[in-house]
Amino acid sequence: MAALGASRAAAGLLRAQSLGVWRGLRTTAALPQMPQAKSQNAKAEGTFQVTMLPGDGVGPELMHAVKEVFKAASVPVVFDEHHLSEVQNTASEEKLDRVVDSMKESKVALIGKIHTPMEYKGDLASYDMRLRRKLDLFANVVHVKSLPGYQTRHNNLDLVIIREQTEGEYSSLEHESVKGVIECLKIITRAKSQRIAKFAFDYATKKGRAKVTAVHKANIMKLGDGLFLQCCKEVAELYPKIKFDTMIIDNCCMQLVQNPYQFDVLVMPNLYGNIVDNLAAGLVGGAGVVPGESYSAEYAVFELGARHPFAQAVGRNIANPTAMLLSASNMLRHLNLEHHSNVISDAVKKVIKGGKVRTADMGGYSTSLDFTQAVIAALEG
């Protein structure tokens, strides 16, 4: 009886902890009360305010494509645009605070890749990491789905990668213990492991997914990844209708290449998620075609699924706008602008399926502008 009571108490605690988590996800879930009030006010005025961070590399060019498509589709969104770049030395705590203040107002953002220089300049935490921590964007979601009409090694793929992105190896805790010896701390906590596991199972439930796979390296990192894995197992017991299995990260990477169809929803710590996001994006066409999003209990940020600045393409008019346009479409769905969201995503997929207008990364010869204009034409068609 005591054990049963403890089990019920633990289940109740996990459910209580998760109340704020799923609220950040749209589609079938409601916005948090504060963002909902904001949306209602904006809707009454005819527009929604969205924070925009173009980022580095081709980010500004991709955002231009989004603006042009939104204009053509008469999307009732006004962007509050901010520029934050360590590469261009335009980043500062003051500017970061302005972005956070904008997010407090809008609750929603569309961002490009804020590139992190490799050189150590006295602060281990990049501005991109600081922003995510300030907003507590703990859940990164990348929906890897094949695009109709675009053939890759594996077709008809449909899987989701959920990554915890506020701790793990990206904790910015490094130091030189003795000359020539660097120690990097990986932080795994029960609270955050339970939170991301609960998020993954809630996502699977809401989206009608059948299975969640916890990805780990607990055979080697027995305490850190062992805790993450144990939390996933505990949460899985609260969802008997969702299948649950586990897989070691190195095997997972091989299995994704050999047979990705075995996966449905994958949940994992920070570094593994960063690697697997990129690997999986490559299965369906690369960084240019996969959208992503990050959530806290209060904020939603829409971005590229595989975050690359693609700096070598800057100013060459060759970057693929697909991922950013699809991400912007997902953002509109989050704002309950279902019609505009569907119109834009359908137009992007129609252009790709037609096969006549494709950028170089998809084997074509079209420019970014060509693709954007084709999407606009598809809106009208």
# chains A, B, ... in the order shown; residues from 1 in each chain; ligands from 1
>>> residues_around(residues="Val257 of chain A", least_positions_apart="4", cutoff="10 Å", atoms="only C-alpha atoms", output="NGL selection string")
:A and (153-154 or 252-253 or 261 or 279-280 or 282-283)
>>> write_last_selection(atoms="all heavy atoms", output="compact mmCIF listing (two decimals), in the first residue's frame")
# COMPACT_ATOMS: atom_id res chain seq x y z
N ARG A 153 17.25 9.42 -50.61
CA ARG A 153 17.60 8.01 -50.35
C ARG A 153 16.45 7.28 -49.67
O ARG A 153 16.15 6.13 -49.98
CB ARG A 153 18.85 7.96 -49.46
CG ARG A 153 19.29 6.55 -49.07
CD ARG A 153 20.47 6.58 -48.11
NE ARG A 153 20.86 5.23 -47.70
CZ ARG A 153 21.74 4.48 -48.33
NH1 ARG A 153 22.32 4.93 -49.42
NH2 ARG A 153 22.05 3.28 -47.89
N HIS A 154 15.79 7.94 -48.73
CA HIS A 154 14.62 7.39 -48.04
C HIS A 154 13.44 8.32 -48.30
O HIS A 154 13.54 9.51 -48.05
CB HIS A 154 14.86 7.27 -46.54
CG HIS A 154 16.00 6.38 -46.16
ND1 HIS A 154 15.93 5.01 -46.28
CD2 HIS A 154 17.23 6.65 -45.68
CE1 HIS A 154 17.07 4.47 -45.87
NE2 HIS A 154 17.87 5.45 -45.50
N CYS A 252 21.71 4.44 -32.72
CA CYS A 252 20.60 5.24 -33.26
C CYS A 252 21.01 5.92 -34.57
O CYS A 252 20.24 5.93 -35.54
CB CYS A 252 20.16 6.28 -32.24
SG CYS A 252 18.86 7.39 -32.81
N CYS A 253 22.22 6.47 -34.60
CA CYS A 253 22.69 7.14 -35.82
C CYS A 253 22.78 6.16 -36.98
O CYS A 253 22.37 6.47 -38.11
CB CYS A 253 24.05 7.79 -35.56
SG CYS A 253 24.00 9.21 -34.45
N TYR A 261 12.56 4.25 -40.82
CA TYR A 261 11.10 4.06 -40.69
C TYR A 261 10.72 3.43 -39.35
O TYR A 261 9.55 3.45 -38.97
CB TYR A 261 10.60 3.18 -41.84
CG TYR A 261 10.90 3.76 -43.20
CD1 TYR A 261 11.98 3.28 -43.96
CD2 TYR A 261 10.14 4.79 -43.72
CE1 TYR A 261 12.28 3.83 -45.20
CE2 TYR A 261 10.42 5.34 -44.96
CZ TYR A 261 11.49 4.86 -45.69
OH TYR A 261 11.78 5.40 -46.91
N LEU A 279 21.68 14.94 -38.88
CA LEU A 279 21.70 13.67 -39.60
C LEU A 279 20.34 13.40 -40.26
O LEU A 279 20.27 13.07 -41.45
CB LEU A 279 22.06 12.55 -38.64
CG LEU A 279 22.31 11.15 -39.22
CD1 LEU A 279 23.16 10.33 -38.25
CD2 LEU A 279 21.02 10.39 -39.48
N ALA A 280 19.29 13.58 -39.49
CA ALA A 280 17.95 13.29 -40.01
C ALA A 280 17.55 14.27 -41.10
O ALA A 280 16.87 13.89 -42.07
CB ALA A 280 16.93 13.33 -38.87
N GLY A 282 19.48 15.49 -43.25
CA GLY A 282 20.15 15.01 -44.46
C GLY A 282 19.39 13.89 -45.16
O GLY A 282 19.54 13.69 -46.37
N LEU A 283 18.57 13.17 -44.42
CA LEU A 283 17.80 12.07 -45.02
C LEU A 283 16.71 12.56 -45.95
O LEU A 283 16.28 11.83 -46.85
CB LEU A 283 17.16 11.22 -43.91
CG LEU A 283 18.11 10.52 -42.93
CD1 LEU A 283 17.31 9.77 -41.88
CD2 LEU A 283 19.04 9.56 -43.67
>>> residues_around(residues="Ile187 of chain A", least_positions_apart="6", cutoff="8 Å", atoms="only C-alpha atoms", output="count of residues only")
5
>>> closest_residue(among="A:Ala281, A:Leu159, A:Val87, A:Val348", to="Gln262 of chain A", atoms="only C-alpha atoms")
A:Leu159
>>> residues_around(residues="Lys241 of chain A", least_positions_apart="3", cutoff="12 Å", atoms="only C-alpha atoms", output="VMD selection string")
chain A and resid 201 to 202 204 to 205 208 to 212 236 to 238 244
>>> select_by_dssp(residues="segment 175-330 of chain A", states="strand (DSSP E)", output="ChimeraX atom specification")
/A:175-178,181-184,211-216,243-248,265-268,291-295,300-304
>>> residues_around(residues="Pro291 of chain A", least_positions_apart="6", cutoff="12 Å", atoms="only C-alpha atoms", output="mmCIF file with N, CA and C atoms, in the first residue's frame")
data_model
loop_
_atom_site.group_PDB
_atom_site.id
_atom_site.type_symbol
_atom_site.label_atom_id
_atom_site.label_comp_id
_atom_site.auth_asym_id
_atom_site.auth_seq_id
_atom_site.Cartn_x
_atom_site.Cartn_y
_atom_site.Cartn_z
ATOM 1 N N LEU A 110 10.367 34.442 -34.857
ATOM 2 C CA LEU A 110 10.911 33.757 -36.024
ATOM 3 C C LEU A 110 12.375 34.157 -36.092
ATOM 4 N N ILE A 111 13.273 33.179 -36.011
ATOM 5 C CA ILE A 111 14.692 33.529 -35.927
ATOM 6 C C ILE A 111 15.533 32.743 -36.923
ATOM 7 N N GLY A 112 16.617 33.387 -37.364
ATOM 8 C CA GLY A 112 17.628 32.713 -38.161
ATOM 9 C C GLY A 112 18.717 32.173 -37.246
ATOM 10 N N ASN A 140 13.306 21.547 -28.006
ATOM 11 C CA ASN A 140 13.471 21.791 -29.434
ATOM 12 C C ASN A 140 12.813 20.642 -30.200
ATOM 13 N N VAL A 141 11.964 20.981 -31.161
ATOM 14 C CA VAL A 141 11.206 19.983 -31.919
ATOM 15 C C VAL A 141 11.540 20.121 -33.403
ATOM 16 N N VAL A 142 11.999 19.050 -33.997
ATOM 17 C CA VAL A 142 12.292 19.028 -35.434
ATOM 18 C C VAL A 142 11.483 17.899 -36.072
ATOM 19 N N HIS A 143 10.561 18.289 -36.936
ATOM 20 C CA HIS A 143 9.715 17.314 -37.637
ATOM 21 C C HIS A 143 10.364 17.012 -38.987
ATOM 22 N N VAL A 144 10.921 15.846 -39.098
ATOM 23 C CA VAL A 144 11.623 15.428 -40.315
ATOM 24 C C VAL A 144 10.632 14.681 -41.200
ATOM 25 N N LYS A 145 10.235 15.320 -42.283
ATOM 26 C CA LYS A 145 9.210 14.745 -43.144
ATOM 27 C C LYS A 145 9.595 14.917 -44.610
ATOM 28 N N SER A 146 9.449 13.861 -45.372
ATOM 29 C CA SER A 146 9.759 13.915 -46.801
ATOM 30 C C SER A 146 8.828 14.878 -47.515
ATOM 31 N N LEU A 147 9.387 15.587 -48.500
ATOM 32 C CA LEU A 147 8.593 16.520 -49.293
ATOM 33 C C LEU A 147 8.067 15.811 -50.536
ATOM 34 N N VAL A 160 9.899 12.590 -35.629
ATOM 35 C CA VAL A 160 10.055 13.814 -34.849
ATOM 36 C C VAL A 160 11.187 13.639 -33.846
ATOM 37 N N ILE A 161 12.086 14.627 -33.801
ATOM 38 C CA ILE A 161 13.203 14.615 -32.855
ATOM 39 C C ILE A 161 12.965 15.700 -31.811
ATOM 40 N N ASP A 277 19.530 15.844 -35.208
ATOM 41 C CA ASP A 277 18.763 16.792 -36.017
ATOM 42 C C ASP A 277 19.370 16.933 -37.407
ATOM 43 N N ASN A 278 20.681 17.123 -37.438
ATOM 44 C CA ASN A 278 21.377 17.337 -38.707
ATOM 45 C C ASN A 278 21.427 16.069 -39.539
ATOM 46 N N ALA A 280 19.289 13.577 -39.488
ATOM 47 C CA ALA A 280 17.951 13.292 -40.009
ATOM 48 C C ALA A 280 17.552 14.271 -41.105
ATOM 49 N N ALA A 281 17.965 15.528 -40.971
ATOM 50 C CA ALA A 281 17.674 16.509 -42.024
ATOM 51 C C ALA A 281 18.290 16.073 -43.346
ATOM 52 N N VAL A 284 16.227 13.792 -45.745
ATOM 53 C CA VAL A 284 15.094 14.284 -46.544
ATOM 54 C C VAL A 284 15.461 15.478 -47.422
ATOM 55 N N GLY A 285 16.754 15.826 -47.495
ATOM 56 C CA GLY A 285 17.133 16.902 -48.399
ATOM 57 C C GLY A 285 18.083 17.923 -47.836
ATOM 58 N N VAL A 301 9.392 29.703 -30.356
ATOM 59 C CA VAL A 301 10.355 30.248 -31.315
ATOM 60 C C VAL A 301 10.427 29.322 -32.519
ATOM 61 N N PHE A 302 10.272 29.881 -33.706
ATOM 62 C CA PHE A 302 10.281 29.099 -34.939
ATOM 63 C C PHE A 302 11.568 29.416 -35.697
ATOM 64 N N GLU A 303 12.202 28.363 -36.219
ATOM 65 C CA GLU A 303 13.559 28.492 -36.738
ATOM 66 C C GLU A 303 13.852 27.373 -37.735
ATOM 67 N N LEU A 304 15.117 27.245 -38.111
ATOM 68 C CA LEU A 304 15.537 26.151 -38.981
ATOM 69 C C LEU A 304 15.719 24.882 -38.150
ATOM 70 N N GLY A 305 15.387 23.735 -38.744
ATOM 71 C CA GLY A 305 15.540 22.478 -38.034
ATOM 72 C C GLY A 305 16.987 22.098 -37.832
ATOM 73 N N ALA A 306 17.807 22.317 -38.850
ATOM 74 C CA ALA A 306 19.257 22.125 -38.766
ATOM 75 C C ALA A 306 19.874 23.513 -38.880
ATOM 76 N N ARG A 307 20.414 24.000 -37.789
ATOM 77 C CA ARG A 307 20.814 25.413 -37.705
ATOM 78 C C ARG A 307 22.186 25.645 -38.307
ATOM 79 N N ASN A 320 18.303 28.214 -49.993
ATOM 80 C CA ASN A 320 16.978 27.616 -50.145
ATOM 81 C C ASN A 320 16.021 28.172 -49.075
ATOM 82 N N PRO A 321 14.960 28.879 -49.462
ATOM 83 C CA PRO A 321 14.024 29.449 -48.484
ATOM 84 C C PRO A 321 13.021 28.446 -47.914
ATOM 85 N N THR A 322 13.031 27.205 -48.386
ATOM 86 C CA THR A 322 11.995 26.237 -48.017
ATOM 87 C C THR A 322 11.833 26.078 -46.505
ATOM 88 N N ALA A 323 12.927 25.769 -45.795
ATOM 89 C CA ALA A 323 12.834 25.508 -44.358
ATOM 90 C C ALA A 323 12.280 26.705 -43.600
ATOM 91 N N MET A 324 12.751 27.907 -43.950
ATOM 92 C CA MET A 324 12.286 29.096 -43.235
ATOM 93 C C MET A 324 10.829 29.396 -43.563
ATOM 94 N N LEU A 325 10.409 29.171 -44.790
ATOM 95 C CA LEU A 325 9.007 29.388 -45.153
ATOM 96 C C LEU A 325 8.096 28.381 -44.449
ATOM 97 N N LEU A 326 8.538 27.133 -44.369
ATOM 98 C CA LEU A 326 7.738 26.124 -43.661
ATOM 99 C C LEU A 326 7.687 26.415 -42.169
ATOM 100 N N SER A 327 8.798 26.903 -41.627
ATOM 101 C CA SER A 327 8.816 27.286 -40.223
ATOM 102 C C SER A 327 7.873 28.460 -39.969
ATOM 103 N N ALA A 328 7.881 29.423 -40.888
ATOM 104 C CA ALA A 328 6.971 30.567 -40.770
ATOM 105 C C ALA A 328 5.516 30.107 -40.869
ATOM 106 N N SER A 329 5.267 29.116 -41.717
ATOM 107 C CA SER A 329 3.920 28.550 -41.826
ATOM 108 C C SER A 329 3.495 27.901 -40.511
ATOM 109 N N ASN A 330 4.426 27.169 -39.877
ATOM 110 C CA ASN A 330 4.130 26.563 -38.577
ATOM 111 C C ASN A 330 3.847 27.628 -37.522
ATOM 112 N N MET A 331 4.561 28.733 -37.629
ATOM 113 C CA MET A 331 4.326 29.838 -36.703
ATOM 114 C C MET A 331 2.912 30.395 -36.856
ATOM 115 N N SER A 345 2.220 26.870 -46.837
ATOM 116 C CA SER A 345 2.865 25.547 -46.889
ATOM 117 C C SER A 345 2.468 24.796 -48.154
#
>>> atom_distance(atom1="atom CA of Cys184 of chain A", atom2="atom CA of Asn89 of chain A")
26.6 Å
>>> atom_distance(atom1="atom CA of Glu183 of chain A", atom2="atom CA of Ala91 of chain A")
27.6 Å
>>> residues_around(residues="Leu227 of chain A", least_positions_apart="4", cutoff="9 Å", atoms="only C-alpha atoms", output="list in words")
Ile188, Thr189, Arg190, Ser193, Ala218, Lys222, Leu223, Cys231 and Cys232 of chain A
>>> select_by_dssp(residues="segment 79-153 of chain A", states="alpha helix (DSSP H)", output="PDB file with N, CA, C and O atoms, in the first residue's frame")
ATOM      1  N   GLU A  93      24.642  42.827 -24.249  1.00  0.00           N
ATOM      2  CA  GLU A  93      23.621  42.489 -23.254  1.00  0.00           C
ATOM      3  C   GLU A  93      22.405  43.383 -23.412  1.00  0.00           C
ATOM      4  O   GLU A  93      21.268  42.943 -23.216  1.00  0.00           O
ATOM      5  N   GLU A  94      22.636  44.636 -23.777  1.00  0.00           N
ATOM      6  CA  GLU A  94      21.527  45.571 -23.968  1.00  0.00           C
ATOM      7  C   GLU A  94      20.617  45.124 -25.108  1.00  0.00           C
ATOM      8  O   GLU A  94      19.388  45.127 -24.985  1.00  0.00           O
ATOM      9  N   LYS A  95      21.235  44.705 -26.218  1.00  0.00           N
ATOM     10  CA  LYS A  95      20.438  44.238 -27.357  1.00  0.00           C
ATOM     11  C   LYS A  95      19.731  42.922 -27.028  1.00  0.00           C
ATOM     12  O   LYS A  95      18.594  42.700 -27.457  1.00  0.00           O
ATOM     13  N   LEU A  96      20.405  42.064 -26.287  1.00  0.00           N
ATOM     14  CA  LEU A  96      19.781  40.804 -25.877  1.00  0.00           C
ATOM     15  C   LEU A  96      18.557  41.080 -25.007  1.00  0.00           C
ATOM     16  O   LEU A  96      17.509  40.445 -25.177  1.00  0.00           O
ATOM     17  N   ASP A  97      18.682  42.040 -24.113  1.00  0.00           N
ATOM     18  CA  ASP A  97      17.548  42.404 -23.258  1.00  0.00           C
ATOM     19  C   ASP A  97      16.384  42.954 -24.078  1.00  0.00           C
ATOM     20  O   ASP A  97      15.216  42.727 -23.751  1.00  0.00           O
ATOM     21  N   ARG A  98      16.706  43.696 -25.139  1.00  0.00           N
ATOM     22  CA  ARG A  98      15.643  44.218 -26.011  1.00  0.00           C
ATOM     23  C   ARG A  98      14.888  43.087 -26.695  1.00  0.00           C
ATOM     24  O   ARG A  98      13.664  43.143 -26.855  1.00  0.00           O
ATOM     25  N   VAL A  99      15.628  42.066 -27.118  1.00  0.00           N
ATOM     26  CA  VAL A  99      14.984  40.906 -27.747  1.00  0.00           C
ATOM     27  C   VAL A  99      14.072  40.212 -26.740  1.00  0.00           C
ATOM     28  O   VAL A  99      12.932  39.847 -27.057  1.00  0.00           O
ATOM     29  N   VAL A 100      14.565  40.033 -25.533  1.00  0.00           N
ATOM     30  CA  VAL A 100      13.769  39.380 -24.487  1.00  0.00           C
ATOM     31  C   VAL A 100      12.519  40.209 -24.179  1.00  0.00           C
ATOM     32  O   VAL A 100      11.422  39.667 -24.031  1.00  0.00           O
ATOM     33  N   ASP A 101      12.659  41.536 -24.126  1.00  0.00           N
ATOM     34  CA  ASP A 101      11.502  42.412 -23.879  1.00  0.00           C
ATOM     35  C   ASP A 101      10.483  42.279 -25.003  1.00  0.00           C
ATOM     36  O   ASP A 101       9.270  42.262 -24.761  1.00  0.00           O
ATOM     37  N   SER A 102      10.969  42.181 -26.237  1.00  0.00           N
ATOM     38  CA  SER A 102      10.071  41.996 -27.378  1.00  0.00           C
ATOM     39  C   SER A 102       9.331  40.674 -27.276  1.00  0.00           C
ATOM     40  O   SER A 102       8.127  40.592 -27.555  1.00  0.00           O
ATOM     41  N   MET A 103      10.061  39.631 -26.853  1.00  0.00           N
ATOM     42  CA  MET A 103       9.436  38.316 -26.691  1.00  0.00           C
ATOM     43  C   MET A 103       8.391  38.316 -25.577  1.00  0.00           C
ATOM     44  O   MET A 103       7.357  37.652 -25.681  1.00  0.00           O
ATOM     45  N   LYS A 104       8.642  39.069 -24.540  1.00  0.00           N
ATOM     46  CA  LYS A 104       7.656  39.166 -23.456  1.00  0.00           C
ATOM     47  C   LYS A 104       6.361  39.779 -23.968  1.00  0.00           C
ATOM     48  O   LYS A 104       5.279  39.479 -23.473  1.00  0.00           O
ATOM     49  N   GLU A 105       6.494  40.630 -24.976  1.00  0.00           N
ATOM     50  CA  GLU A 105       5.320  41.277 -25.554  1.00  0.00           C
ATOM     51  C   GLU A 105       4.625  40.379 -26.572  1.00  0.00           C
ATOM     52  O   GLU A 105       3.410  40.235 -26.571  1.00  0.00           O
ATOM     53  N   SER A 106       5.402  39.752 -27.449  1.00  0.00           N
ATOM     54  CA  SER A 106       4.815  38.994 -28.559  1.00  0.00           C
ATOM     55  C   SER A 106       4.574  37.525 -28.225  1.00  0.00           C
ATOM     56  O   SER A 106       3.659  36.901 -28.769  1.00  0.00           O
ATOM     57  N   TYR A 127      25.573  34.112 -27.339  1.00  0.00           N
ATOM     58  CA  TYR A 127      24.325  34.881 -27.218  1.00  0.00           C
ATOM     59  C   TYR A 127      23.118  34.031 -27.588  1.00  0.00           C
ATOM     60  O   TYR A 127      22.031  34.214 -27.040  1.00  0.00           O
ATOM     61  N   ASP A 128      23.303  33.105 -28.500  1.00  0.00           N
ATOM     62  CA  ASP A 128      22.214  32.195 -28.846  1.00  0.00           C
ATOM     63  C   ASP A 128      21.821  31.356 -27.630  1.00  0.00           C
ATOM     64  O   ASP A 128      20.638  31.201 -27.310  1.00  0.00           O
ATOM     65  N   MET A 129      22.823  30.826 -26.925  1.00  0.00           N
ATOM     66  CA  MET A 129      22.558  30.032 -25.726  1.00  0.00           C
ATOM     67  C   MET A 129      21.938  30.889 -24.629  1.00  0.00           C
ATOM     68  O   MET A 129      21.015  30.466 -23.927  1.00  0.00           O
ATOM     69  N   ARG A 130      22.439  32.111 -24.469  1.00  0.00           N
ATOM     70  CA  ARG A 130      21.904  32.996 -23.428  1.00  0.00           C
ATOM     71  C   ARG A 130      20.447  33.324 -23.680  1.00  0.00           C
ATOM     72  O   ARG A 130      19.634  33.361 -22.751  1.00  0.00           O
ATOM     73  N   LEU A 131      20.115  33.556 -24.951  1.00  0.00           N
ATOM     74  CA  LEU A 131      18.724  33.858 -25.291  1.00  0.00           C
ATOM     75  C   LEU A 131      17.825  32.678 -24.950  1.00  0.00           C
ATOM     76  O   LEU A 131      16.754  32.854 -24.347  1.00  0.00           O
ATOM     77  N   ARG A 132      18.241  31.486 -25.310  1.00  0.00           N
ATOM     78  CA  ARG A 132      17.429  30.299 -25.041  1.00  0.00           C
ATOM     79  C   ARG A 132      17.267  30.062 -23.536  1.00  0.00           C
ATOM     80  O   ARG A 132      16.215  29.626 -23.088  1.00  0.00           O
ATOM     81  N   ARG A 133      18.311  30.355 -22.781  1.00  0.00           N
ATOM     82  CA  ARG A 133      18.215  30.193 -21.334  1.00  0.00           C
ATOM     83  C   ARG A 133      17.294  31.244 -20.706  1.00  0.00           C
ATOM     84  O   ARG A 133      16.509  30.938 -19.808  1.00  0.00           O
ATOM     85  N   LYS A 134      17.419  32.479 -21.170  1.00  0.00           N
ATOM     86  CA  LYS A 134      16.568  33.543 -20.625  1.00  0.00           C
ATOM     87  C   LYS A 134      15.092  33.245 -20.868  1.00  0.00           C
ATOM     88  O   LYS A 134      14.230  33.567 -20.048  1.00  0.00           O
TER      89      LYS A 134
END
>>> atom_distance(atom1="atom CA of Lys113 of chain A", atom2="atom CA of Val58 of chain A")
8.7 Å
>>> residues_around(residues="segment 49-56 of chain A", least_positions_apart="2", cutoff="6 Å", atoms="only C-alpha atoms", output="PyMOL selection string")
chain A and resi 59-60+77-83+106+108-115+309
>>> write_last_selection(atoms="C-alpha atoms", output="PDB file, in the first residue's frame")
ATOM      1  CA  GLY A  59      19.377  34.512 -42.404  1.00  0.00           C
ATOM      2  CA  PRO A  60      18.532  38.054 -43.593  1.00  0.00           C
ATOM      3  CA  VAL A  77       1.628  39.805 -38.952  1.00  0.00           C
ATOM      4  CA  VAL A  78       3.871  42.726 -38.016  1.00  0.00           C
ATOM      5  CA  PHE A  79       7.509  41.887 -37.324  1.00  0.00           C
ATOM      6  CA  ASP A  80       9.422  43.539 -34.504  1.00  0.00           C
ATOM      7  CA  GLU A  81      12.892  43.074 -35.998  1.00  0.00           C
ATOM      8  CA  HIS A  82      16.097  42.935 -33.984  1.00  0.00           C
ATOM      9  CA  HIS A  83      19.695  42.271 -34.999  1.00  0.00           C
ATOM     10  CA  SER A 106       4.815  38.994 -28.559  1.00  0.00           C
ATOM     11  CA  VAL A 108       6.352  34.300 -30.528  1.00  0.00           C
ATOM     12  CA  ALA A 109       9.507  34.685 -32.632  1.00  0.00           C
ATOM     13  CA  LEU A 110      10.911  33.757 -36.024  1.00  0.00           C
ATOM     14  CA  ILE A 111      14.692  33.529 -35.927  1.00  0.00           C
ATOM     15  CA  GLY A 112      17.628  32.713 -38.161  1.00  0.00           C
ATOM     16  CA  LYS A 113      20.881  31.132 -37.040  1.00  0.00           C
ATOM     17  CA  ILE A 114      22.828  33.301 -34.576  1.00  0.00           C
ATOM     18  CA  HIS A 115      26.305  32.024 -35.366  1.00  0.00           C
ATOM     19  CA  PRO A 309      24.370  30.110 -41.206  1.00  0.00           C
TER      20      PRO A 309
END
>>> closest_residue(among="A:Ala377, A:Ile249, A:Val267, A:Met221", to="Gln194 of chain A", atoms="only C-alpha atoms")
A:Val267
